[in-house]
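Structure file structure35.cif (mmCIF, C-alpha atoms and all ligand atoms) follows.
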```cif
data_start
loop_
_atom_site.label_atom_id
_atom_site.label_comp_id
_atom_site.auth_asym_id
_atom_site.auth_seq_id
_atom_site.Cartn_x
_atom_site.Cartn_y
_atom_site.Cartn_z
CA MET A 1 6.74 -12.99 -2.11
CA ASN A 2 7.39 -13.40 -5.84
CA TYR A 3 10.07 -11.37 -7.61
CA TYR A 4 10.14 -11.33 -11.40
CA PRO A 5 13.30 -9.68 -12.77
CA THR A 6 13.17 -7.95 -16.15
CA CYS A 7 13.74 -10.32 -19.02
CA PRO A 8 15.37 -9.23 -22.31
CA ASP A 9 12.87 -11.30 -24.31
CA PRO A 10 9.66 -11.94 -22.31
CA GLU A 11 8.35 -14.11 -25.15
CA LEU A 12 11.04 -16.66 -24.37
CA THR A 13 10.38 -16.98 -20.68
CA VAL A 14 7.60 -17.58 -18.20
CA GLY A 15 7.31 -15.60 -14.98
CA ILE A 16 5.32 -18.31 -13.29
CA GLY A 17 3.79 -21.13 -15.32
CA LYS A 18 0.11 -21.97 -15.67
CA HIS A 19 -1.28 -23.41 -12.45
CA SER A 20 -4.08 -23.19 -9.96
CA ASP A 21 -3.37 -22.57 -6.28
CA ILE A 22 -4.08 -25.62 -4.15
CA GLY A 23 -5.74 -24.07 -1.11
CA ILE A 24 -9.11 -22.47 -0.41
CA LEU A 25 -8.41 -18.84 -1.34
CA THR A 26 -5.36 -16.80 -2.24
CA VAL A 27 -5.23 -13.09 -1.51
CA LEU A 28 -2.71 -11.45 -3.82
CA VAL A 29 -1.25 -7.96 -3.92
CA GLN A 30 0.45 -7.01 -7.15
CA ASP A 31 2.50 -3.89 -7.76
CA ASP A 32 1.70 -1.36 -10.49
CA VAL A 33 3.60 -3.28 -13.19
CA GLY A 34 0.88 -5.92 -13.47
CA GLY A 35 1.37 -9.23 -15.24
CA LEU A 36 -1.07 -11.64 -13.65
CA LEU A 37 -2.87 -13.62 -16.34
CA ILE A 38 -5.97 -15.72 -15.72
CA LYS A 39 -7.87 -18.20 -17.85
CA LEU A 40 -11.62 -17.49 -17.84
CA GLN A 41 -13.43 -20.46 -16.32
CA GLU A 42 -16.84 -19.41 -17.68
CA ASP A 43 -18.25 -17.18 -20.43
CA GLY A 44 -18.89 -13.77 -18.94
CA GLU A 45 -18.44 -10.02 -19.13
CA PHE A 46 -14.65 -10.32 -19.54
CA GLY A 47 -14.68 -12.81 -22.42
CA LYS A 48 -15.28 -16.41 -23.33
CA LYS A 49 -14.44 -19.51 -21.33
CA GLY A 50 -10.86 -20.59 -22.04
CA GLU A 51 -9.57 -17.12 -23.00
CA TRP A 52 -6.57 -15.71 -21.15
CA ILE A 53 -6.87 -12.14 -19.89
CA GLN A 54 -4.61 -9.91 -17.88
CA VAL A 55 -5.82 -8.82 -14.44
CA PRO A 56 -5.34 -5.05 -14.29
CA SER A 57 -3.28 -3.71 -11.46
CA ILE A 58 -5.53 -1.42 -9.42
CA PRO A 59 -3.79 0.56 -6.67
CA GLY A 60 -4.87 -0.70 -3.26
CA ALA A 61 -6.87 -3.62 -4.67
CA LEU A 62 -6.48 -7.21 -3.57
CA VAL A 63 -6.91 -10.08 -6.01
CA ILE A 64 -8.83 -13.01 -4.54
CA ASN A 65 -8.23 -16.33 -6.33
CA ILE A 66 -10.21 -19.50 -5.71
CA GLY A 67 -8.02 -22.54 -5.07
CA ASP A 68 -8.44 -26.26 -5.79
CA ALA A 69 -9.50 -27.14 -2.22
CA LEU A 70 -12.55 -24.85 -2.56
CA GLN A 71 -13.37 -26.44 -5.91
CA ILE A 72 -13.25 -29.86 -4.22
CA LEU A 73 -15.27 -28.82 -1.12
CA SER A 74 -17.95 -27.20 -3.30
CA ASN A 75 -18.04 -30.25 -5.63
CA GLY A 76 -17.02 -28.04 -8.54
CA LYS A 77 -19.45 -25.16 -7.99
CA TYR A 78 -16.60 -22.74 -7.29
CA LYS A 79 -13.84 -23.28 -9.84
CA SER A 80 -10.21 -22.69 -9.03
CA VAL A 81 -8.68 -20.18 -11.40
CA GLU A 82 -5.90 -21.21 -13.75
CA HIS A 83 -3.36 -18.43 -13.80
CA GLY A 84 0.24 -17.48 -14.48
CA ALA A 85 2.38 -14.37 -14.63
CA ARG A 86 4.45 -12.84 -17.39
CA THR A 87 7.59 -10.75 -17.25
CA THR A 88 8.46 -7.57 -19.12
CA ASN A 89 11.74 -6.31 -20.57
CA THR A 90 11.40 -2.91 -18.93
CA GLN A 91 10.29 -3.36 -15.33
CA SER A 92 10.84 -5.97 -12.66
CA ARG A 93 7.75 -6.95 -10.71
CA VAL A 94 6.82 -8.02 -7.19
CA SER A 95 3.66 -9.81 -6.05
CA VAL A 96 2.72 -10.95 -2.57
CA PRO A 97 0.37 -13.91 -2.28
CA CYS A 98 -1.19 -15.01 0.97
CA PHE A 99 -2.40 -18.61 0.73
CA PHE A 100 -5.31 -19.75 2.89
CA THR A 101 -5.15 -23.53 2.92
CA PRO A 102 -6.57 -26.40 4.96
CA GLY A 103 -4.20 -27.90 7.55
CA LEU A 104 -1.96 -30.62 6.14
CA MET A 105 -3.70 -33.33 8.17
CA VAL A 106 -7.20 -32.23 7.16
CA LYS A 107 -9.17 -34.52 4.87
CA ILE A 108 -10.72 -32.63 1.95
CA ALA A 109 -13.76 -33.87 0.06
CA PRO A 110 -17.01 -32.43 -1.30
CA LEU A 111 -19.19 -31.29 1.60
CA PRO A 112 -22.04 -33.74 2.41
CA LYS A 113 -24.76 -31.08 1.91
CA VAL A 114 -23.42 -30.30 -1.55
CA ILE A 115 -23.27 -33.99 -2.50
CA ASN A 116 -26.89 -34.41 -1.35
CA LYS A 117 -27.90 -31.54 -3.59
CA ASP A 118 -25.80 -32.62 -6.59
CA GLY A 119 -26.58 -36.33 -6.31
CA LYS A 120 -22.98 -37.49 -6.52
CA ALA A 121 -19.47 -36.50 -5.53
CA LYS A 122 -17.14 -35.38 -8.32
CA TYR A 123 -14.00 -35.71 -6.18
CA LYS A 124 -12.79 -38.34 -3.77
CA GLU A 125 -11.58 -37.64 -0.27
CA CYS A 126 -7.88 -37.11 0.33
CA LEU A 127 -5.55 -35.76 2.93
CA PHE A 128 -4.63 -32.19 2.04
CA GLN A 129 -0.98 -33.09 2.56
CA ASP A 130 -1.22 -35.79 -0.12
CA TYR A 131 -2.93 -33.37 -2.49
CA ARG A 132 -0.24 -30.77 -1.89
CA ASN A 133 2.60 -33.24 -2.39
CA HIS A 134 1.07 -34.52 -5.60
CA ALA A 135 0.47 -30.99 -6.96
CA PHE A 136 3.97 -29.79 -6.07
CA ALA A 137 5.61 -32.88 -7.61
CA GLN A 138 3.63 -32.30 -10.79
CA GLY A 139 4.60 -28.63 -11.17
CA CYS A 140 2.81 -26.02 -13.24
CA LYS A 141 0.53 -28.05 -15.50
CA GLY A 142 -2.58 -25.91 -15.53
CA LYS A 143 -5.34 -27.53 -13.48
CA LYS A 144 -4.06 -31.08 -13.95
CA SER A 145 -3.46 -31.54 -10.23
CA LEU A 146 -7.23 -31.92 -9.75
CA ASP A 147 -7.13 -35.16 -11.77
CA TYR A 148 -5.61 -36.76 -8.66
CA VAL A 149 -9.00 -36.65 -6.91
CA LYS A 150 -11.42 -36.46 -9.84
CA ILE A 151 -13.98 -39.28 -9.92
CA THR A 152 -14.38 -40.32 -13.51
CA SER A 153 -17.59 -42.17 -14.38
CA PRO A 154 -16.93 -45.64 -15.78
CA THR A 155 -17.31 -45.87 -19.54
CA PRO A 156 -20.17 -48.20 -20.50
O1 LIG B 1 2.67 -13.08 -9.39
C1 LIG B 1 1.48 -13.31 -9.57
O2 LIG B 1 0.69 -12.46 -9.95
C2 LIG B 1 0.95 -14.70 -9.36
C3 LIG B 1 1.69 -15.49 -8.33
C4 LIG B 1 1.11 -16.84 -8.12
O3 LIG B 1 0.32 -17.29 -8.89
C5 LIG B 1 1.48 -17.65 -6.96
O4 LIG B 1 2.36 -17.24 -6.18
O5 LIG B 1 0.87 -18.72 -6.78
FE FE B 2 -0.71 -18.95 -8.05
#
```
If you took the structure in this file and wrote it as structure tokens, what would it be?
Amino acid sequence: MNYYPTCPDPELTVGIGKHSDIGILTVLVQDDVGGLLIKLQEDGEFGKKGEWIQVPSIPGALVINIGDALQILSNGKYKSVEHGARTTNTQSRVSVPCFFTPGLMVKIAPLPKVINKDGKAKYKECLFQDYRNHAFAQGCKGKKSLDYVKITSPTP
């Protein structure tokens, strides 16, 4: 559970910094204060790729976020969502995330069928525990944790 106390000057603080969740999916309940911000991963009906928008708080609704492990397994077809949360100076806020992750000893890598279709893997295999440790040591740096497994093509 996340608790965000009120902050006298929300411009000067961060509720939770920009990050992507590391697992497969996160199911999140937010209260009616709202404050979850996401960066659009593609152009679409909500705006242009790269823009930050606030996810409205809808009573009874669950927010489903894609995590890095699903991006890796799908070889980048499903993109983990970069997100963060802001505070307000009038209301404290609570959110409850439920993280669905691979087991720590599970090796994660693009699925063979997806590699066959795409022609090459964009991510190398790693133990989920190693991915988690790396991401947690790095902290909230957007989607930088994926660089740990990204296969970069050699420059000619
Ligand atoms: O409070 C929120 O809306 C987001 C929380 C979050 O991103 C997290 O716990 O990973
Ligand atoms: Fe998160």
| query | So which residues are near ligand FE 2 (chain B), meaning at most 9 Å away with all atoms listed in the file counted, given back as a list of chain:residue names? | reply | A:Ile16, A:Gly17, A:Lys18, A:His19, A:Ser20, A:Asp21, A:Ile22, A:Thr26, A:Leu28, A:Asn65, A:Gly67, A:Val81, A:Glu82, A:His83, A:Gly84, A:Ala85, A:Pro97, A:Phe99
| With distances taken over all atoms listed in the file, which of A:Gly34, A:Pro154, A:Pro102, A:Pro112 is nearest to Ile53 of chain A? |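 Smallest separation from Ile53 of chain A among the options: A:Gly34.
Distance check against Gly119 of chain A using only C-alpha atoms: of A:Gln30, A:Asn75, A:Thr13, A:Ser57, the minimum falls on A:Asn75.
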| said: Just to confirm, what's the straight-line distance from atom CA of Leu36 of chain A to atom CA of Ser92 of chain A in Å (one decimal)? | reply: 13.2 Å
| query | atom CA of Gln138 of chain A and atom CA of Gly47 of chain A, how far apart in Å? | reply | 29.2 Å
| Residues within 12 Å of Tyr78 of chain A, only C-alpha atoms, excluding chain neighbours under 3 positions, as a PyMOL selection string | chain A and resi 24-25+41-42+65-75+81+110+114
For the residues selected in the previous step, produce a file with C-alpha atoms as an mmCIF file, in the coordinates of the input.
```cif
data_model
loop_
_atom_site.group_PDB
_atom_site.id
_atom_site.type_symbol
_atom_site.label_atom_id
_atom_site.label_comp_id
_atom_site.auth_asym_id
_atom_site.auth_seq_id
_atom_site.Cartn_x
_atom_site.Cartn_y
_atom_site.Cartn_z
ATOM 1 C CA ILE A 24 -9.110 -22.470 -0.410
ATOM 2 C CA LEU A 25 -8.410 -18.840 -1.340
ATOM 3 C CA GLN A 41 -13.430 -20.460 -16.320
ATOM 4 C CA GLU A 42 -16.840 -19.410 -17.680
ATOM 5 C CA ASN A 65 -8.230 -16.330 -6.330
ATOM 6 C CA ILE A 66 -10.210 -19.500 -5.710
ATOM 7 C CA GLY A 67 -8.020 -22.540 -5.070
ATOM 8 C CA ASP A 68 -8.440 -26.260 -5.790
ATOM 9 C CA ALA A 69 -9.500 -27.140 -2.220
ATOM 10 C CA LEU A 70 -12.550 -24.850 -2.560
ATOM 11 C CA GLN A 71 -13.370 -26.440 -5.910
ATOM 12 C CA ILE A 72 -13.250 -29.860 -4.220
ATOM 13 C CA LEU A 73 -15.270 -28.820 -1.120
ATOM 14 C CA SER A 74 -17.950 -27.200 -3.300
ATOM 15 C CA ASN A 75 -18.040 -30.250 -5.630
ATOM 16 C CA VAL A 81 -8.680 -20.180 -11.400
ATOM 17 C CA PRO A 110 -17.010 -32.430 -1.300
ATOM 18 C CA VAL A 114 -23.420 -30.300 -1.550
#
```
| request: Can you work out the spacing between atom CA of Asn133 of chain A and atom CA of Thr152 of chain A in Å, to one decimal? | output: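 Value for the atom CA of Asn133 of chain A-atom CA of Thr152 of chain A distance: 21.5 Å.
With distances restricted to all atoms listed in the file, A:Val33 is the closest residue to Thr90 of chain A from A:Gly23, A:Met105, A:Val149, A:Val33.
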| field | Expected answer as a ChimeraX atom specification: all residues with atoms within 8 Å of (14.9, -8.8, -10.1), only C-alpha atoms | value | /A:3-6,92-93
| field | Shortest interatomic distance to ligand LIG 1 (chain B) - which of A:Ala135, A:Leu62, A:Cys7, A:Val94, counting all atoms listed in the file | value |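 Closest candidate: A:Val94.
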| task | Give the answer as one residue: which of A:Lys49, A:Cys98, A:Lys79, A:Arg86 has the shortest atom-to-atom distance to Val63 of chain A, using all atoms listed in the file? | result | A:Cys98
| query | Which one is closest to ligand LIG 1 (chain B): A:Thr101, A:Gly50, A:Pro8, A:Val55? Count only C-alpha atoms and all ligand atoms. | reply |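 Among A:Thr101, A:Gly50, A:Pro8, A:Val55, it is A:Val55 that comes nearest to ligand LIG 1 (chain B).
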